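**Q** Below is a structure I'd like to ask you about.
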Amino acid sequence: VQLQASGGGLVQAGGSLRLSCAVSGLTFSNYHMGWFRQAPGKEREFVAAITWTGSTTFYADSVKGRFTIFRNNAKNTVYLQMNSLKPGDTAVYYCAAATRTRTSFYSAYNVLDEYNYWGQGTLVTVSS
């Protein structure tokens, strides 16, 4: 199983980036997907999640209204569109997959242990 995150980089405050996470080695459409981030010296935190059908999304309060998660099951890829970026968004961003048989996902989508597989991360740096 591989989750390959890409799209990170250096951007000025107020700018935009789109992260992608290409998934292989599992049946993508059977998995809920999430994005987490980890800033230097801080714990990994939830950013956004999307259910296996794509019909429901969840966001951390800190990114609501600025970030959008969506998926393309035909391309086995989940995306995170990030707009109005702030220096506080600087972090390594990780994608993760949780099997759709986890009915607890709908209440535990922001919990790291809910996810079965993790990608390697992509660095986003927002300059002021």
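Letters for chains follow the order of the structure tokens (A, B, ...), residue numbers begin at 1 for each chain, and ligand numbers begin at 1 in the order shown.
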Fewer than 2 positions away in the same chain doesn't count, so skip those; otherwise give me all residues within 8 Å of Tyr109 in chain A, counting only C-alpha atoms, as a PDB file with N, CA and C atoms, in the first residue's frame.

**A**
```
ATOM      1  N   GLY A  34      -8.231  11.105   4.840  1.00  0.00           N
ATOM      2  CA  GLY A  34      -8.033  12.275   5.688  1.00  0.00           C
ATOM      3  C   GLY A  34      -6.706  12.964   5.399  1.00  0.00           C
ATOM      4  N   ALA A  49     -11.247  15.587   6.327  1.00  0.00           N
ATOM      5  CA  ALA A  49     -11.518  14.200   5.987  1.00  0.00           C
ATOM      6  C   ALA A  49     -12.707  14.131   5.054  1.00  0.00           C
ATOM      7  N   PHE A  58     -15.384  16.729   6.510  1.00  0.00           N
ATOM      8  CA  PHE A  58     -15.176  17.253   7.853  1.00  0.00           C
ATOM      9  C   PHE A  58     -13.934  18.139   7.829  1.00  0.00           C
ATOM     10  N   SER A 104     -17.117   3.834  13.239  1.00  0.00           N
ATOM     11  CA  SER A 104     -16.718   4.871  14.191  1.00  0.00           C
ATOM     12  C   SER A 104     -16.155   6.099  13.500  1.00  0.00           C
ATOM     13  N   PHE A 105     -15.852   5.974  12.209  1.00  0.00           N
ATOM     14  CA  PHE A 105     -15.217   7.075  11.487  1.00  0.00           C
ATOM     15  C   PHE A 105     -16.022   8.359  11.563  1.00  0.00           C
ATOM     16  N   TYR A 106     -17.343   8.245  11.538  1.00  0.00           N
ATOM     17  CA  TYR A 106     -18.198   9.426  11.474  1.00  0.00           C
ATOM     18  C   TYR A 106     -18.142  10.259  12.764  1.00  0.00           C
ATOM     19  N   SER A 107     -17.613   9.680  13.828  1.00  0.00           N
ATOM     20  CA  SER A 107     -17.427  10.426  15.068  1.00  0.00           C
ATOM     21  C   SER A 107     -15.953  10.533  15.444  1.00  0.00           C
ATOM     22  N   VAL A 111      -9.232  11.424  14.651  1.00  0.00           N
ATOM     23  CA  VAL A 111      -8.373  10.635  15.530  1.00  0.00           C
ATOM     24  C   VAL A 111      -7.360   9.860  14.692  1.00  0.00           C
ATOM     25  N   GLU A 114      -7.697   6.112  13.973  1.00  0.00           N
ATOM     26  CA  GLU A 114      -8.803   5.675  13.132  1.00  0.00           C
ATOM     27  C   GLU A 114      -8.320   5.251  11.751  1.00  0.00           C
TER      28      GLU A 114
END
```

**Q** Please, which residues of chain A, numbered as in this document, come out helix (DSSP H, G or I) from DSSP, as a list in words?

**A**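 The helix (DSSP H, G or I) residues within chain A come out as Phe28, Ser29, Asn30, Pro87, Gly88, Asp89, Phe105, Tyr106, Ser107, Ala108, Leu112, Asp113 and Glu114 of chain A.
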
**Q** Which residue out of A:Asn110, A:Gln120, A:Gln38, A:Ser16 has the minimum interatomic distance to Asp61 in chain A when only C-alpha atoms are used?

**A** A:Asn110

**Q** Determine, counting only C-alpha atoms, which protein, DNA and RNA residues have an atom within 8 Å of an atom of Phe67 in chain A; residues of the same chain fewer than 2 positions away are not included. Present the result as a PyMOL selection string.

**A** chain A and resi 63-65+69+80-83

**Q** Would you mind exporting N, CA and C atoms of the selected residues as a PDB file, in the first residue's frame?

**A**
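Wrote it out as selection16.pdb, contents follow:
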```pdb
ATOM      1  N   VAL A  63      -9.300  25.613   9.615  1.00  0.00           N
ATOM      2  CA  VAL A  63      -9.192  25.653   8.149  1.00  0.00           C
ATOM      3  C   VAL A  63     -10.544  25.773   7.466  1.00  0.00           C
ATOM      4  N   LYS A  64     -11.614  25.701   8.245  1.00  0.00           N
ATOM      5  CA  LYS A  64     -12.960  25.742   7.665  1.00  0.00           C
ATOM      6  C   LYS A  64     -13.160  27.034   6.896  1.00  0.00           C
ATOM      7  N   GLY A  65     -13.665  26.913   5.674  1.00  0.00           N
ATOM      8  CA  GLY A  65     -13.884  28.076   4.832  1.00  0.00           C
ATOM      9  C   GLY A  65     -12.693  28.438   3.966  1.00  0.00           C
ATOM     10  N   ILE A  69     -11.506  19.600   0.809  1.00  0.00           N
ATOM     11  CA  ILE A  69     -11.065  18.248   0.496  1.00  0.00           C
ATOM     12  C   ILE A  69     -12.028  17.642  -0.513  1.00  0.00           C
ATOM     13  N   LEU A  80      -6.411  18.260  -1.480  1.00  0.00           N
ATOM     14  CA  LEU A  80      -6.697  19.281  -0.484  1.00  0.00           C
ATOM     15  C   LEU A  80      -6.385  20.627  -1.123  1.00  0.00           C
ATOM     16  N   GLN A  81      -7.431  21.368  -1.441  1.00  0.00           N
ATOM     17  CA  GLN A  81      -7.278  22.712  -1.984  1.00  0.00           C
ATOM     18  C   GLN A  81      -7.170  23.676  -0.816  1.00  0.00           C
ATOM     19  N   MET A  82      -6.070  24.406  -0.767  1.00  0.00           N
ATOM     20  CA  MET A  82      -5.811  25.311   0.352  1.00  0.00           C
ATOM     21  C   MET A  82      -5.740  26.741  -0.173  1.00  0.00           C
ATOM     22  N   ASN A  83      -6.662  27.562   0.273  1.00  0.00           N
ATOM     23  CA  ASN A  83      -6.708  28.968  -0.119  1.00  0.00           C
ATOM     24  C   ASN A  83      -6.484  29.858   1.099  1.00  0.00           C
TER      25      ASN A  83
END
```

**Q** When DSSP is applied to the backbone of this structure, which of chain A are assigned strand (DSSP E or B)? Write them out as an MDAnalysis selection string.

**A** chainID A and resid 2:6 9:12 17:24 31:38 45:50 57:59 67:72 77:82 91:99 117:118 122:127

**Q** What's around Thr101 in chain A at 12 Å? Count only C-alpha atoms, leave out sequence neighbours fewer than 5 positions away in its own chain, and write the answer as a PyMOL selection string.

**A** chain A and resi 29-32+51-52+106+114-116

**Q** Just write the chosen residues, N, CA, C and O atoms, as a PDB file, in the first residue's frame.

**A**
```
ATOM      1  N   SER A  29     -11.808   3.242  -3.376  1.00  0.00           N
ATOM      2  CA  SER A  29     -13.206   3.605  -3.133  1.00  0.00           C
ATOM      3  C   SER A  29     -13.770   2.954  -1.872  1.00  0.00           C
ATOM      4  O   SER A  29     -14.879   3.289  -1.458  1.00  0.00           O
ATOM      5  N   ASN A  30     -13.031   2.052  -1.255  1.00  0.00           N
ATOM      6  CA  ASN A  30     -13.458   1.422  -0.004  1.00  0.00           C
ATOM      7  C   ASN A  30     -12.907   2.123   1.234  1.00  0.00           C
ATOM      8  O   ASN A  30     -13.068   1.615   2.348  1.00  0.00           O
ATOM      9  N   TYR A  31     -12.256   3.259   1.017  1.00  0.00           N
ATOM     10  CA  TYR A  31     -11.592   3.932   2.129  1.00  0.00           C
ATOM     11  C   TYR A  31     -12.045   5.380   2.279  1.00  0.00           C
ATOM     12  O   TYR A  31     -12.158   6.124   1.297  1.00  0.00           O
ATOM     13  N   HIS A  32     -12.297   5.756   3.539  1.00  0.00           N
ATOM     14  CA  HIS A  32     -12.376   7.166   3.877  1.00  0.00           C
ATOM     15  C   HIS A  32     -10.953   7.725   3.819  1.00  0.00           C
ATOM     16  O   HIS A  32      -9.984   6.995   4.054  1.00  0.00           O
ATOM     17  N   THR A  51     -15.549  11.078   3.363  1.00  0.00           N
ATOM     18  CA  THR A  51     -16.010   9.699   3.417  1.00  0.00           C
ATOM     19  C   THR A  51     -15.753   8.978   2.097  1.00  0.00           C
ATOM     20  O   THR A  51     -15.429   9.600   1.077  1.00  0.00           O
ATOM     21  N   TRP A  52     -15.902   7.660   2.108  1.00  0.00           N
ATOM     22  CA  TRP A  52     -15.549   6.849   0.951  1.00  0.00           C
ATOM     23  C   TRP A  52     -16.360   7.203  -0.283  1.00  0.00           C
ATOM     24  O   TRP A  52     -15.879   7.088  -1.409  1.00  0.00           O
ATOM     25  N   TYR A 106     -17.343   8.245  11.538  1.00  0.00           N
ATOM     26  CA  TYR A 106     -18.198   9.426  11.474  1.00  0.00           C
ATOM     27  C   TYR A 106     -18.142  10.259  12.764  1.00  0.00           C
ATOM     28  O   TYR A 106     -18.542  11.420  12.766  1.00  0.00           O
ATOM     29  N   GLU A 114      -7.697   6.112  13.973  1.00  0.00           N
ATOM     30  CA  GLU A 114      -8.803   5.675  13.132  1.00  0.00           C
ATOM     31  C   GLU A 114      -8.320   5.251  11.751  1.00  0.00           C
ATOM     32  O   GLU A 114      -9.021   4.552  11.033  1.00  0.00           O
ATOM     33  N   TYR A 115      -7.116   5.665  11.393  1.00  0.00           N
ATOM     34  CA  TYR A 115      -6.596   5.472  10.047  1.00  0.00           C
ATOM     35  C   TYR A 115      -5.647   4.273   9.981  1.00  0.00           C
ATOM     36  O   TYR A 115      -4.805   4.079  10.861  1.00  0.00           O
ATOM     37  N   ASN A 116      -5.800   3.500   8.895  1.00  0.00           N
ATOM     38  CA  ASN A 116      -5.019   2.285   8.730  1.00  0.00           C
ATOM     39  C   ASN A 116      -3.679   2.530   8.032  1.00  0.00           C
ATOM     40  O   ASN A 116      -2.707   1.822   8.294  1.00  0.00           O
TER      41      ASN A 116
END
```

**Q** For Pro40 in chain A, find every residue with an atom within 12 Å (counting only C-alpha atoms), except residues of its own chain fewer than 3 positions away, and show them as a list in words.

**A**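 Here the qualifying residues turn out to be Arg37, Glu43, Arg44, Glu45, Gly88, Asp89, Thr90, Ala91, Val92, Tyr93, Leu123, Val124 and Thr125 of chain A.
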
**Q** May I ask for the distance between CA of Ser6 in chain A and CA of Ala22 in chain A, given in Å to one decimal place?

**A** 8.3 Å

**Q** Nearest residue to Gly14 in chain A out of A:Phe28, A:Thr53, A:Tyr117, A:Lys86, using only C-alpha atoms?

**A**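 Of all the options, A:Lys86 lies closest to Gly14 in chain A.
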
**Q** In Å, rounded to a single decimal, give me how far CA of Tyr79 in chain A is from CA of Leu19 in chain A.

**A** 5.5 Å

**Q** Do you know which residues are at most 6 Å from Val126 in chain A counting only C-alpha atoms, after dropping those on the same chain fewer than 4 positions away, and could you put them as a PyMOL selection string?

**A** chain A and resi 10-13+87+90

**Q** For a test of reading the model, state the distance in Å between CA of Gly7 in chain A and CA of Arg102 in chain A, rounded to one decimal.

**A**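 Going from CA of Gly7 in chain A over to CA of Arg102 in chain A covers 28.8 Å.
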
**Q** Would you please work out which residue, of A:Gln4, A:Ser20, A:Ser128, A:Thr27, is nearest to Ala74 in chain A when using only C-alpha atoms?

**A**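 With only C-alpha atoms as the atom set, the closest residue is A:Thr27.
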